[in-house]
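Peer 1: Provided below: upload39.cif, containing mmCIF, C-alpha atoms.
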```
data_data
#
loop_
_atom_site.label_atom_id
_atom_site.label_comp_id
_atom_site.auth_asym_id
_atom_site.auth_seq_id
_atom_site.Cartn_x
_atom_site.Cartn_y
_atom_site.Cartn_z
CA MET A 1 -111.13 -46.02 -117.86
CA SER A 2 -110.35 -44.50 -114.49
CA GLN A 3 -106.69 -44.75 -115.47
CA ARG A 4 -107.45 -42.60 -118.49
CA SER A 5 -109.12 -39.91 -116.45
CA THR A 6 -106.31 -39.67 -113.90
CA ALA A 7 -103.76 -39.56 -116.73
CA GLN A 8 -105.97 -37.32 -118.81
CA THR A 9 -103.43 -34.55 -119.17
CA ASP A 10 -100.32 -36.71 -119.18
CA PHE A 11 -99.51 -36.50 -122.90
CA VAL A 12 -96.71 -38.54 -124.43
CA CYS A 13 -96.16 -35.89 -127.15
CA GLY A 14 -97.75 -32.92 -128.88
CA LEU A 15 -99.50 -35.22 -131.30
CA ASP A 16 -101.01 -37.21 -128.46
CA ALA A 17 -102.33 -33.95 -126.98
CA ALA A 18 -103.81 -32.91 -130.33
CA LEU A 19 -105.42 -36.32 -130.94
CA ARG A 20 -107.10 -36.21 -127.52
CA VAL A 21 -108.87 -33.04 -128.62
CA VAL A 22 -109.76 -34.10 -132.15
CA GLY A 23 -110.41 -37.80 -131.53
CA GLY A 24 -114.03 -38.78 -131.97
CA LYS A 25 -115.74 -39.92 -135.13
CA TRP A 26 -117.50 -36.65 -135.94
CA LYS A 27 -115.18 -34.04 -134.48
CA PRO A 28 -113.03 -33.63 -137.58
CA LEU A 29 -116.16 -33.08 -139.65
CA ILE A 30 -117.53 -30.54 -137.16
CA LEU A 31 -114.23 -28.65 -137.41
CA HIS A 32 -114.36 -28.90 -141.19
CA PHE A 33 -117.79 -27.28 -141.46
CA LEU A 34 -117.21 -24.68 -138.75
CA TYR A 35 -113.99 -23.65 -140.48
CA ARG A 36 -116.20 -22.37 -143.31
CA GLY A 37 -118.04 -20.14 -140.83
CA PRO A 38 -120.46 -20.23 -137.89
CA HIS A 39 -123.31 -22.74 -138.17
CA ARG A 40 -126.56 -23.19 -136.31
CA TYR A 41 -127.11 -26.57 -134.66
CA GLY A 42 -129.64 -27.67 -137.28
CA GLU A 43 -127.30 -26.71 -140.13
CA LEU A 44 -124.50 -28.81 -138.63
CA LYS A 45 -126.88 -31.72 -138.19
CA ARG A 46 -127.83 -31.53 -141.86
CA CYS A 47 -124.20 -31.18 -143.01
CA ILE A 48 -123.01 -34.19 -141.03
CA SER A 49 -125.25 -36.91 -142.35
CA GLY A 50 -125.46 -39.95 -140.13
CA VAL A 51 -124.68 -38.31 -136.80
CA SER A 52 -127.24 -38.72 -133.99
CA ASP A 53 -128.37 -35.76 -131.88
CA LYS A 54 -126.83 -37.42 -128.84
CA MET A 55 -123.38 -37.71 -130.44
CA LEU A 56 -123.45 -34.26 -132.07
CA ILE A 57 -124.44 -32.57 -128.80
CA GLN A 58 -121.80 -34.53 -126.87
CA HIS A 59 -119.06 -33.70 -129.37
CA LEU A 60 -120.02 -30.01 -129.45
CA LYS A 61 -120.00 -29.87 -125.64
CA GLU A 62 -116.56 -31.46 -125.52
CA LEU A 63 -115.17 -29.18 -128.20
CA GLU A 64 -116.61 -26.20 -126.32
CA ALA A 65 -115.12 -27.41 -123.02
CA HIS A 66 -111.74 -27.86 -124.75
CA GLY A 67 -111.80 -24.30 -126.06
CA ILE A 68 -112.13 -25.29 -129.73
CA VAL A 69 -115.73 -24.24 -130.36
CA SER A 70 -117.74 -21.32 -129.00
CA ARG A 71 -121.50 -21.42 -128.57
CA LYS A 72 -123.57 -18.26 -128.88
CA ASP A 73 -127.17 -18.22 -127.75
CA HIS A 74 -128.96 -15.23 -129.30
CA HIS A 75 -131.82 -15.56 -126.78
CA GLU A 76 -134.43 -15.37 -129.50
CA VAL A 77 -137.75 -17.13 -129.97
CA PRO A 78 -137.60 -19.54 -131.74
CA PRO A 79 -134.16 -20.28 -130.22
CA ARG A 80 -131.13 -19.34 -132.30
CA VAL A 81 -127.79 -20.80 -131.26
CA ASP A 82 -124.63 -20.46 -133.35
CA TYR A 83 -121.50 -22.56 -133.11
CA ALA A 84 -118.18 -21.17 -134.32
CA LEU A 85 -114.52 -21.99 -134.09
CA THR A 86 -112.46 -20.11 -131.53
CA ARG A 87 -109.01 -18.84 -132.51
CA LEU A 88 -107.57 -22.06 -131.06
CA GLY A 89 -110.12 -24.06 -133.05
CA LYS A 90 -109.20 -22.29 -136.30
CA SER A 91 -105.52 -23.06 -135.79
CA LEU A 92 -106.41 -26.70 -135.08
CA ALA A 93 -108.54 -26.94 -138.24
CA GLU A 94 -105.61 -25.55 -140.25
CA ALA A 95 -103.15 -27.99 -138.67
CA LEU A 96 -105.48 -30.85 -139.62
CA MET A 97 -105.62 -30.00 -143.32
CA PRO A 98 -102.53 -31.94 -144.46
CA LEU A 99 -103.77 -35.01 -142.57
CA CYS A 100 -107.19 -34.61 -144.13
CA ASP A 101 -105.60 -34.39 -147.59
CA TRP A 102 -103.49 -37.47 -146.83
CA GLY A 103 -106.61 -39.38 -145.82
CA GLU A 104 -108.46 -38.30 -148.97
CA ARG A 105 -105.53 -39.21 -151.23
CA ASN A 106 -105.11 -42.63 -149.61
CA ARG A 107 -108.72 -43.41 -148.80
CA LYS A 108 -108.94 -46.47 -151.03
CA THR A 109 -105.64 -47.92 -149.83
CA ILE A 110 -106.60 -47.39 -146.19
CA ALA A 111 -110.04 -48.92 -146.72
CA SER A 112 -108.53 -51.97 -148.36
CA ARG A 113 -105.82 -52.32 -145.68
CA LEU A 114 -108.24 -51.86 -142.76
CA GLY A 115 -110.63 -54.33 -144.34
CA LYS A 116 -107.91 -56.96 -144.72
CA ALA A 117 -106.45 -56.31 -141.27
CA GLY A 118 -109.93 -56.68 -139.75
CA GLY A 119 -110.39 -60.03 -141.46
CA ALA A 120 -106.87 -61.24 -140.73
CA LYS A 121 -106.77 -60.24 -137.05
CA GLY A 122 -105.34 -62.94 -134.89
CA ASN A 123 -103.46 -64.64 -137.73
CA GLY A 124 -100.27 -63.20 -136.21
CA MET B 1 -117.68 -53.01 -131.23
CA SER B 2 -119.16 -55.29 -133.86
CA GLN B 3 -120.73 -52.23 -135.46
CA ARG B 4 -117.28 -50.68 -135.75
CA SER B 5 -115.83 -53.73 -137.48
CA THR B 6 -118.63 -53.99 -140.04
CA ALA B 7 -118.32 -50.25 -140.77
CA GLN B 8 -114.55 -50.38 -140.58
CA THR B 9 -113.94 -48.95 -144.01
CA ASP B 10 -116.94 -46.62 -144.12
CA PHE B 11 -115.12 -43.31 -143.55
CA VAL B 12 -117.01 -40.07 -143.09
CA CYS B 13 -114.09 -38.06 -144.53
CA GLY B 14 -110.39 -38.21 -145.32
CA LEU B 15 -109.56 -37.13 -141.81
CA ASP B 16 -111.62 -39.94 -140.36
CA ALA B 17 -109.71 -42.40 -142.56
CA ALA B 18 -106.37 -40.96 -141.43
CA LEU B 19 -107.34 -40.99 -137.75
CA ARG B 20 -108.31 -44.66 -137.98
CA VAL B 21 -104.75 -45.44 -139.01
CA VAL B 22 -102.95 -43.16 -136.59
CA GLY B 23 -105.32 -43.47 -133.61
CA GLY B 24 -103.79 -45.30 -130.66
CA LYS B 25 -101.83 -43.80 -127.81
CA TRP B 26 -98.36 -44.81 -129.03
CA LYS B 27 -98.76 -44.84 -132.81
CA PRO B 28 -97.86 -41.18 -133.34
CA LEU B 29 -94.68 -41.69 -131.32
CA ILE B 30 -93.78 -44.84 -133.26
CA LEU B 31 -94.18 -42.85 -136.49
CA HIS B 32 -92.11 -40.03 -135.04
CA PHE B 33 -89.14 -42.26 -134.22
CA LEU B 34 -89.33 -44.35 -137.40
CA TYR B 35 -89.39 -41.15 -139.45
CA ARG B 36 -85.80 -40.61 -138.27
CA GLY B 37 -84.84 -43.99 -139.71
CA PRO B 38 -85.29 -47.76 -139.22
CA HIS B 39 -85.23 -48.96 -135.60
CA ARG B 40 -84.88 -52.35 -134.00
CA TYR B 41 -87.65 -53.44 -131.65
CA GLY B 42 -85.53 -52.89 -128.55
CA GLU B 43 -84.54 -49.40 -129.68
CA LEU B 44 -88.17 -48.43 -130.17
CA LYS B 45 -89.03 -49.82 -126.75
CA ARG B 46 -86.32 -47.67 -125.17
CA CYS B 47 -87.34 -44.55 -127.13
CA ILE B 48 -91.00 -44.82 -126.15
CA SER B 49 -90.81 -44.82 -122.39
CA GLY B 50 -93.89 -46.16 -120.68
CA VAL B 51 -95.15 -48.45 -123.44
CA SER B 52 -95.65 -52.13 -122.58
CA ASP B 53 -94.39 -54.91 -124.86
CA LYS B 54 -97.98 -55.98 -125.45
CA MET B 55 -99.05 -52.54 -126.67
CA LEU B 56 -95.93 -51.89 -128.71
CA ILE B 57 -96.18 -55.25 -130.48
CA GLN B 58 -99.89 -54.74 -131.12
CA HIS B 59 -99.39 -51.22 -132.50
CA LEU B 60 -96.50 -52.35 -134.73
CA LYS B 61 -98.59 -55.24 -136.07
CA GLU B 62 -101.48 -52.92 -136.85
CA LEU B 63 -99.25 -50.34 -138.51
CA GLU B 64 -97.68 -53.15 -140.56
CA ALA B 65 -101.10 -54.50 -141.53
CA HIS B 66 -102.18 -50.99 -142.57
CA GLY B 67 -99.14 -50.58 -144.82
CA ILE B 68 -97.52 -47.85 -142.69
CA VAL B 69 -94.61 -49.84 -141.26
CA SER B 70 -92.48 -52.59 -142.78
CA ARG B 71 -90.79 -55.30 -140.71
CA LYS B 72 -87.56 -56.83 -141.85
CA ASP B 73 -86.27 -59.99 -140.19
CA HIS B 74 -82.57 -60.42 -140.95
CA HIS B 75 -82.70 -64.09 -139.91
CA GLU B 76 -79.67 -63.73 -137.69
CA VAL B 77 -78.77 -65.21 -134.32
CA PRO B 78 -79.36 -63.38 -131.99
CA PRO B 79 -82.51 -62.24 -133.85
CA ARG B 80 -82.32 -58.88 -135.63
CA VAL B 81 -85.59 -57.34 -136.75
CA ASP B 82 -85.84 -53.79 -138.13
CA TYR B 83 -88.94 -51.67 -138.39
CA ALA B 84 -89.12 -48.87 -140.93
CA LEU B 85 -91.71 -46.57 -142.46
CA THR B 86 -93.06 -47.50 -145.86
CA ARG B 87 -93.52 -44.76 -148.46
CA LEU B 88 -97.13 -44.46 -147.31
CA GLY B 89 -95.92 -44.27 -143.71
CA LYS B 90 -93.44 -41.49 -144.52
CA SER B 91 -96.15 -39.42 -146.20
CA LEU B 92 -98.38 -39.95 -143.16
CA ALA B 93 -95.62 -38.87 -140.76
CA GLU B 94 -95.15 -35.71 -142.82
CA ALA B 95 -98.87 -34.97 -142.88
CA LEU B 96 -98.91 -35.29 -139.09
CA MET B 97 -96.22 -32.70 -138.47
CA PRO B 98 -98.41 -29.58 -138.39
CA LEU B 99 -100.78 -31.32 -135.96
CA CYS B 100 -97.84 -32.37 -133.82
CA ASP B 101 -96.58 -28.76 -133.78
CA TRP B 102 -100.06 -27.53 -132.88
CA GLY B 103 -100.20 -29.98 -129.99
CA GLU B 104 -96.77 -28.92 -128.74
CA ARG B 105 -97.62 -25.22 -129.02
CA ASN B 106 -100.90 -25.65 -127.17
CA ARG B 107 -99.96 -28.43 -124.79
CA LYS B 108 -100.53 -26.41 -121.61
CA THR B 109 -103.84 -25.00 -122.78
CA ILE B 110 -105.07 -28.46 -123.80
CA ALA B 111 -103.93 -30.01 -120.52
CA SER B 112 -105.73 -27.34 -118.53
CA ARG B 113 -108.88 -27.61 -120.67
CA LEU B 114 -109.00 -31.42 -120.58
CA GLY B 115 -108.42 -31.37 -116.83
CA LYS B 116 -111.30 -28.94 -116.26
CA ALA B 117 -113.60 -30.74 -118.72
CA GLY B 118 -112.90 -34.04 -116.95
CA GLY B 119 -113.84 -32.50 -113.63
CA ALA B 120 -116.85 -30.62 -114.97
CA LYS B 121 -118.36 -33.50 -116.96
CA GLY B 122 -122.05 -33.78 -116.41
CA ASN B 123 -122.48 -30.17 -115.32
CA GLY B 124 -123.70 -29.70 -118.88
#
```
Now, as a test, write the supplied structure out as structure tokens.

Peer 2:
Amino acid sequence: MSQRSTAQTDFVCGLDAALRVVGGKWKPLILHFLYRGPHRYGELKRCISGVSDKMLIQHLKELEAHGIVSRKDHHEVPPRVDYALTRLGKSLAEALMPLCDWGERNRKTIASRLGKAGGAKGNG
Amino acid sequence: MSQRSTAQTDFVCGLDAALRVVGGKWKPLILHFLYRGPHRYGELKRCISGVSDKMLIQHLKELEAHGIVSRKDHHEVPPRVDYALTRLGKSLAEALMPLCDWGERNRKTIASRLGKAGGAKGNG
């Protein structure tokens, strides 16, 4: 783990760099929904069924730190905080679309292959 | 870890499915080189500087199990084994190109952001 942090910015290629930003179970989905427009935290939580508050907050913080998502606090009572994609975030969401389509098109095949590979692991 | 294996094929979206196949530090690079044409193991090892035999073999086995890479043993002495992309693998490599370009274009920004985020973690 410490190796990862020292070599954090030592990318083997552009794709490696991109995957470091977008890697994380819920990040692609966050990008997907924010691409449609700014969302409040609660809206995102409802959109992304199954995500815990801990994970969603962590992912949003990371995406914000990486310049992909911006957070706007309207300083209202009750609190109103919007999340939106930055220009960099929008370009990332667009670059992800063909991969998203590929995953959708091949979802069944991938599921079947991953299932088999999981069961067959260690059979060489 | 056990949770991941039971939910191995329970994708949240197409992108999640795709990232499960392509996730892994060296997999994008393997796809990149095999997209140019079949490679022998030793050629791949030379192309991908920094990868260990253990990791390269593991990644190739996983990509083969997931239907992305095919392995052809020519049953010759000395041994000759070629790796190539399957049709599914070629379509995946193509779907990855925009993301690869995005990563190349924004490599410096990402490196600087990841570096800062690593240092600032926990300042929340």

Peer 1: One decimal, in Å: what's the spacing between atom CA of Ala111 of chain A and atom CA of Pro28 of chain A?

Peer 2: 18.1 Å

Peer 1: Counting all atoms listed in the file, what is within 9 Å of segment 45-48 of chain A, bar same-chain residues fewer than 5 positions away, as a count of residues only?

Peer 2: 8

Peer 1: Tell me, counting all atoms listed in the file, for each residue of chain B within 8 Å of chain A, which pair of atoms is nearest and how far apart they are in Å to one decimal, in rows ordered by chain and increasing number, as a Markdown table.

Peer 2:
```
| residue | atom | partner | partner_atom | distance |
| --- | --- | --- | --- | --- |
| B:Ser5 | CA | A:Gly118 | CA | 7.0 |
| B:Gln8 | CA | A:Gly115 | CA | 6.7 |
| B:Thr9 | CA | A:Ala111 | CA | 4.7 |
| B:Asp10 | CA | A:Ala111 | CA | 7.7 |
| B:Val12 | CA | A:Leu29 | CA | 7.8 |
| B:Cys13 | CA | A:Glu104 | CA | 7.2 |
| B:Gly14 | CA | A:Gly103 | CA | 4.0 |
| B:Leu15 | CA | A:Cys100 | CA | 4.2 |
| B:Asp16 | CA | A:Lys25 | CA | 6.7 |
| B:Ala17 | CA | A:Gly103 | CA | 5.4 |
| B:Ala18 | CA | A:Gly103 | CA | 4.7 |
| B:Leu19 | CA | A:Gly23 | CA | 7.6 |
| B:Val21 | CA | A:Ile110 | CA | 7.7 |
| B:Gly23 | CA | A:Leu19 | CA | 7.6 |
| B:Lys25 | CA | A:Asp16 | CA | 6.7 |
| B:Trp26 | CA | A:Val12 | CA | 7.9 |
| B:Pro28 | CA | A:Leu15 | CA | 6.5 |
| B:Leu29 | CA | A:Cys13 | CA | 7.3 |
| B:Glu62 | CA | A:Ala117 | CA | 7.5 |
| B:Ala65 | CA | A:Ala117 | CA | 5.7 |
| B:His66 | CA | A:Arg113 | CA | 5.0 |
| B:Gly67 | CA | A:Arg113 | CA | 7.0 |
| B:Ser91 | CA | A:Trp102 | CA | 7.6 |
| B:Leu92 | CA | A:Trp102 | CA | 6.8 |
| B:Ala95 | CA | A:Leu99 | CA | 4.9 |
| B:Leu96 | CA | A:Leu99 | CA | 6.0 |
| B:Pro98 | CA | A:Ala95 | CA | 5.0 |
| B:Leu99 | CA | A:Ala95 | CA | 4.9 |
| B:Cys100 | CA | A:Leu15 | CA | 4.2 |
| B:Asp101 | CA | A:Gly14 | CA | 6.5 |
| B:Trp102 | CA | A:Ala95 | CA | 6.6 |
| B:Gly103 | CA | A:Gly14 | CA | 4.0 |
| B:Glu104 | CA | A:Gly14 | CA | 4.1 |
| B:Arg105 | CA | A:Gly14 | CA | 7.7 |
| B:Arg107 | CA | A:Ala17 | CA | 6.4 |
| B:Ile110 | CA | A:His66 | CA | 6.8 |
| B:Ala111 | CA | A:Thr9 | CA | 4.8 |
| B:Ser112 | CA | A:Thr9 | CA | 7.6 |
| B:Arg113 | CA | A:His66 | CA | 5.0 |
| B:Leu114 | CA | A:His66 | CA | 6.1 |
| B:Gly115 | CA | A:Thr9 | CA | 6.4 |
| B:Lys116 | CA | A:Ala65 | CA | 7.9 |
| B:Ala117 | CA | A:Ala65 | CA | 5.6 |
| B:Gly118 | CA | A:Ser5 | CA | 7.0 |
| B:Gly124 | CA | A:Lys61 | CA | 7.7 |
```

Peer 1: How many Å lie between atom CA of Leu34 of chain B and atom CA of Thr86 of chain B, rounded to one decimal?

Peer 2: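 Separation of atom CA of Leu34 of chain B and atom CA of Thr86 of chain B: 9.8 Å.
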
Peer 1: Would you compute the distance between atom CA of Arg87 of chain A and atom CA of Gly42 of chain A? Give it in Å to one decimal.

Peer 2: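 Result for atom CA of Arg87 of chain A versus atom CA of Gly42 of chain A: 22.9 Å, one decimal.
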
Peer 1: Enclose segment 27-38 of chain B, meaning all of its atoms listed in the file, in a box aligned along x, y and z, pad it by 8 Å on each side, and list the centre and edge lengths in Å to one decimal, as AutoDock Vina command-line options.

Peer 2:
```
--center_x -91.8 --center_y -43.9 --center_z -135.5 --size_x 29.9 --size_y 23.7 --size_z 24.4
```

Peer 1: Identify all residues satisfying the PyMOL selection byres ((chain A and resi 81) around 12) in the given file; provide them as a ChimeraX atom specification.

Peer 2: /A:38-44,70-80,82-84

Peer 1: Would you put the residues from that selection into a file with C-alpha atoms, as a PDB file, in the frame of the given file?

Peer 2:
```pdb
ATOM      1  CA  PRO A  38    -120.460 -20.230-137.890  1.00  0.00           C
ATOM      2  CA  HIS A  39    -123.310 -22.740-138.170  1.00  0.00           C
ATOM      3  CA  ARG A  40    -126.560 -23.190-136.310  1.00  0.00           C
ATOM      4  CA  TYR A  41    -127.110 -26.570-134.660  1.00  0.00           C
ATOM      5  CA  GLY A  42    -129.640 -27.670-137.280  1.00  0.00           C
ATOM      6  CA  GLU A  43    -127.300 -26.710-140.130  1.00  0.00           C
ATOM      7  CA  LEU A  44    -124.500 -28.810-138.630  1.00  0.00           C
ATOM      8  CA  SER A  70    -117.740 -21.320-129.000  1.00  0.00           C
ATOM      9  CA  ARG A  71    -121.500 -21.420-128.570  1.00  0.00           C
ATOM     10  CA  LYS A  72    -123.570 -18.260-128.880  1.00  0.00           C
ATOM     11  CA  ASP A  73    -127.170 -18.220-127.750  1.00  0.00           C
ATOM     12  CA  HIS A  74    -128.960 -15.230-129.300  1.00  0.00           C
ATOM     13  CA  HIS A  75    -131.820 -15.560-126.780  1.00  0.00           C
ATOM     14  CA  GLU A  76    -134.430 -15.370-129.500  1.00  0.00           C
ATOM     15  CA  VAL A  77    -137.750 -17.130-129.970  1.00  0.00           C
ATOM     16  CA  PRO A  78    -137.600 -19.540-131.740  1.00  0.00           C
ATOM     17  CA  PRO A  79    -134.160 -20.280-130.220  1.00  0.00           C
ATOM     18  CA  ARG A  80    -131.130 -19.340-132.300  1.00  0.00           C
ATOM     19  CA  ASP A  82    -124.630 -20.460-133.350  1.00  0.00           C
ATOM     20  CA  TYR A  83    -121.500 -22.560-133.110  1.00  0.00           C
ATOM     21  CA  ALA A  84    -118.180 -21.170-134.320  1.00  0.00           C
TER      22      ALA A  84
END
```
